[in-house]
Amino acid sequence: MMVGGSLWPIIASLAAQGTPADVVAPPSEPPATAEAAEPQPPEDLTPPPPPVDWKEMVDDGLITDIIEGRRRPGYSPDLPDQLTQDNVGALRPPPPQAFPGIENQLPIPDRWRLIETLGVVKERWFDPYHQNTLKGDRPIDPEKVKWLPIKGDDWFFIANAVSDTVFEPRTFPIPNGVQTTERPGSLDVFGKSRSFVLAQTFIAGVALIKGSTAFKPPDVEYRLTLAYQANYVDVPERRVLDVRPSQPSHRYDSFLGVQELFVDKHLGNTSDRYDFYSIRLGIQPFQSDFRGFLFNDSQLGIRLFGNRDNNRFQYNLAAFWRLEKDTNSGLNDITQTPRDDFVLTANLYRQDFPFVGLTSQISATYNMNREKNDIQIDHNGFPVRPALIGDLRGREYDVVYLGYSADGRIGRINVTASFYAALGEDRNSFFTSKPAEIRAGFAAAELSYDYDWMRFRLSGLYATGDGDPYNKTEGGFDAIFENPIFGGADTSYWIRQTIPFAGGGRVISINGRNGILNSLRSSKEEGQSNFNNPGTIFLGAGADFDLTPQFRISTNFNHLWFENTATLQALRMEGSIPKDIGFDLSAAAIWRPKATQNIVGRLSAAVLLPGDGFQDLFENKNREDAYVSILANMILSF
């Protein structure tokens, strides 16, 4: 068969060799001798038929097979009539005639193993990028795992493993202990500020899923994720890591936490495009808004969720019973009784509203705290509930957060925004020992613009502060469990570090680790929300530079203020405290050698240049004019 040639030489050759039987050949030449001549019939005067136009016959489709087994290039016969479905829920396979040229091919019963059968790829258990049964790329063979209680050929197994290594030298104001110090004779309120943290976290997760999730929700999902952390901390002063002065100023600790343990059941579909509704029960992650300002945690709960209108609408209805946390790792501690702290939340997302490319969310979240009679001592011996501030009495409260959030783009501008109003009642204000109304607000927004390989960002945040701690209204906004991805996230000094509030409250911090709000609470992991706080004002600018697909530089320039310092003045018994916290400047280098998220290295540095308000609160003998945070982080994922 000719490849890339033409059939016309073959047709010409056939025409030269002879003509069809009904075409009369011209008379031959006379014989060489008269003897050999035979009598000739009378001459036929009928004109010969016209010559056959082979090209026209081929063009008209009258001839398709010039030579057996060969066809004209580009020609295919008409396909059979369109298939009709005569059995709801099933579609009969088309006949072989519907696929010209594949009559001699055999169907492959297992489409997931087709690529390996063809020799294109060979599965390796440690390779997450090609077909891998451990990553859910093809179904489990029930015959090989008879011990699993599964039936059918559409069960998938997914394994995840993460190693997260952190080394973090930093400086921050560290108060001297009341009874003793690390260095006798050091009598200043604040001691040396240098310390460091080394933490190694291993996360391992497995999931068993039924259903082809490439285009529809899973029918059933079982998931378990464990996290183990070993950490070492060294600080220059005693009674920072442990309440006992006899304990050294360094500590090693480890803990195993359960971060996910749930079953997810697909309840049904509402359209032929797999709009669905499902229910999930157990320890599960939940994020109340796009950037994690209000509630971003993995907690014990039940959640009904789904979508509508071709996924233009998504919704969540959830109830959570908050678990206790390990003090030093922040992981879930299921060996303790869950807290008397409950979160009920409902939200609705709408895509392309009010602008195409922008997703809007409305939410209502109710936090019901009933820990008035609960006394909680953390693993280091410090009281965290009730907080050792004000009248030192137990508290309980009810607060509803009404919110609107948006994420997406408007034209060329990337937009993220969240707005919350906190309304409720605190049954015991720690300033007056009487009930008080909660009336607080929050707003945050980030705008960014992409130009080639650069992104430029502007961000702002406003959280109201309490203007009069002795009246019947608490006006300081506080979250349930914040973990914001905002303003440089944990690259930022203020978001990354915890600043202790020395004088006026024991074991109380101005802000919490991995938090941006000035909440004056003992701990976001184990403490209660506090609406008697000075509030937060934040303005920032930043830029991301993708120098290569593997290498990014990120910079952030932020300025922070207290919204109102009345609460600080009452606790410190000072007539006035300036609002200026200072400038938070940071830069980070992020390296992904494979241009994926499987290997990510980060080195960042941040500096806090204290403003008048920070210096007023934390003036020390050394009169340090800058505080530094270094973060070296390596994440390996499978």
# chains A, B, ... in the order shown; residues from 1 in each chain; ligands from 1

$ select_by_dssp --residues "stretch 215-412 of chain A" --states "strand (DSSP E or B)" --output "VMD selection string"
chain A and resid 220 to 234 250 to 269 276 to 287 295 to 308 313 to 321 325 332 341 to 350 358 to 369 376 to 377 383 to 385 397 to 410

$ closest_atom_pairs --of "stretch 225-318 of chain A" --to "stretch 495-515 of chain A" --cutoff "12 Å" --atoms "only C-alpha atoms" --output "tab-separated table"
residue	atom	partner	partner_atom	distance
A:Arg239	CA	A:Val507	CA	10.2
A:Val240	CA	A:Val507	CA	9.0
A:Leu241	CA	A:Val507	CA	10.8
A:Asp242	CA	A:Val507	CA	11.0
A:Val243	CA	A:Val507	CA	9.8
A:Arg291	CA	A:Gly515	CA	11.8
A:Gly292	CA	A:Gly515	CA	9.9
A:Phe293	CA	A:Gly515	CA	8.6
A:Leu294	CA	A:Gly515	CA	10.4
A:Phe295	CA	A:Gly515	CA	11.3
A:Asn296	CA	A:Gly515	CA	11.0

$ write_last_selection --atoms "C-alpha atoms" --output "short mmCIF file (atom, residue, chain, number, x, y, z; two decimals), in the first residue's frame"
data_model
loop_
_atom_site.label_atom_id
_atom_site.label_comp_id
_atom_site.auth_asym_id
_atom_site.auth_seq_id
_atom_site.Cartn_x
_atom_site.Cartn_y
_atom_site.Cartn_z
CA ARG A 239 8.58 30.49 83.54
CA VAL A 240 8.00 31.09 79.84
CA LEU A 241 7.80 27.43 78.83
CA ASP A 242 6.60 26.05 82.17
CA VAL A 243 4.83 27.51 85.17
CA ARG A 291 -9.11 33.54 53.77
CA GLY A 292 -9.79 31.92 57.16
CA PHE A 293 -10.57 35.05 59.18
CA LEU A 294 -13.34 33.66 61.40
CA PHE A 295 -13.13 29.88 61.74
CA ASN A 296 -10.47 27.78 60.05
#

$ select_by_dssp --residues "stretch 460-595 of chain A" --states "helix (DSSP H, G or I)" --output "JSON, numbers by chain"
{"A": [489, 490, 491, 493, 494, 495, 496, 566, 567, 568, 569, 570, 571, 572]}

$ atom_distance --atom1 "atom CA of A:Phe419" --atom2 "atom CA of A:Asp584"
23.7 Å

$ closest_residue --among "A:Asn414, A:Ser288, A:Ser405, A:Asn558" --to "A:Asn483" --atoms "only C-alpha atoms"
A:Ser288

$ closest_residue --among "A:Gly257, A:Pro469, A:Pro354, A:Gly330" --to "A:Gly390" --atoms "only C-alpha atoms"
A:Pro469

$ closest_atom_pairs --of "stretch 321-408 of chain A" --to "stretch 217-235 of chain A" --cutoff "9 Å" --atoms "only C-alpha atoms" --output "CSV"
residue,atom,partner,partner_atom,distance
A:Asn328,CA,A:Asn231,CA,8.1
A:Ser329,CA,A:Gln229,CA,6.6
A:Leu331,CA,A:Ala227,CA,7.5

$ closest_residue --among "A:Lys122, A:His559, A:His130, A:Lys216" --to "A:Leu608" --atoms "only C-alpha atoms"
A:His559

$ closest_residue --among "A:Leu547, A:Val356, A:Val263, A:Leu323" --to "A:Trp453" --atoms "only C-alpha atoms"
A:Leu547

$ atom_distance --atom1 "atom CA of A:Asp333" --atom2 "atom CA of A:Ser254"
12.3 Å
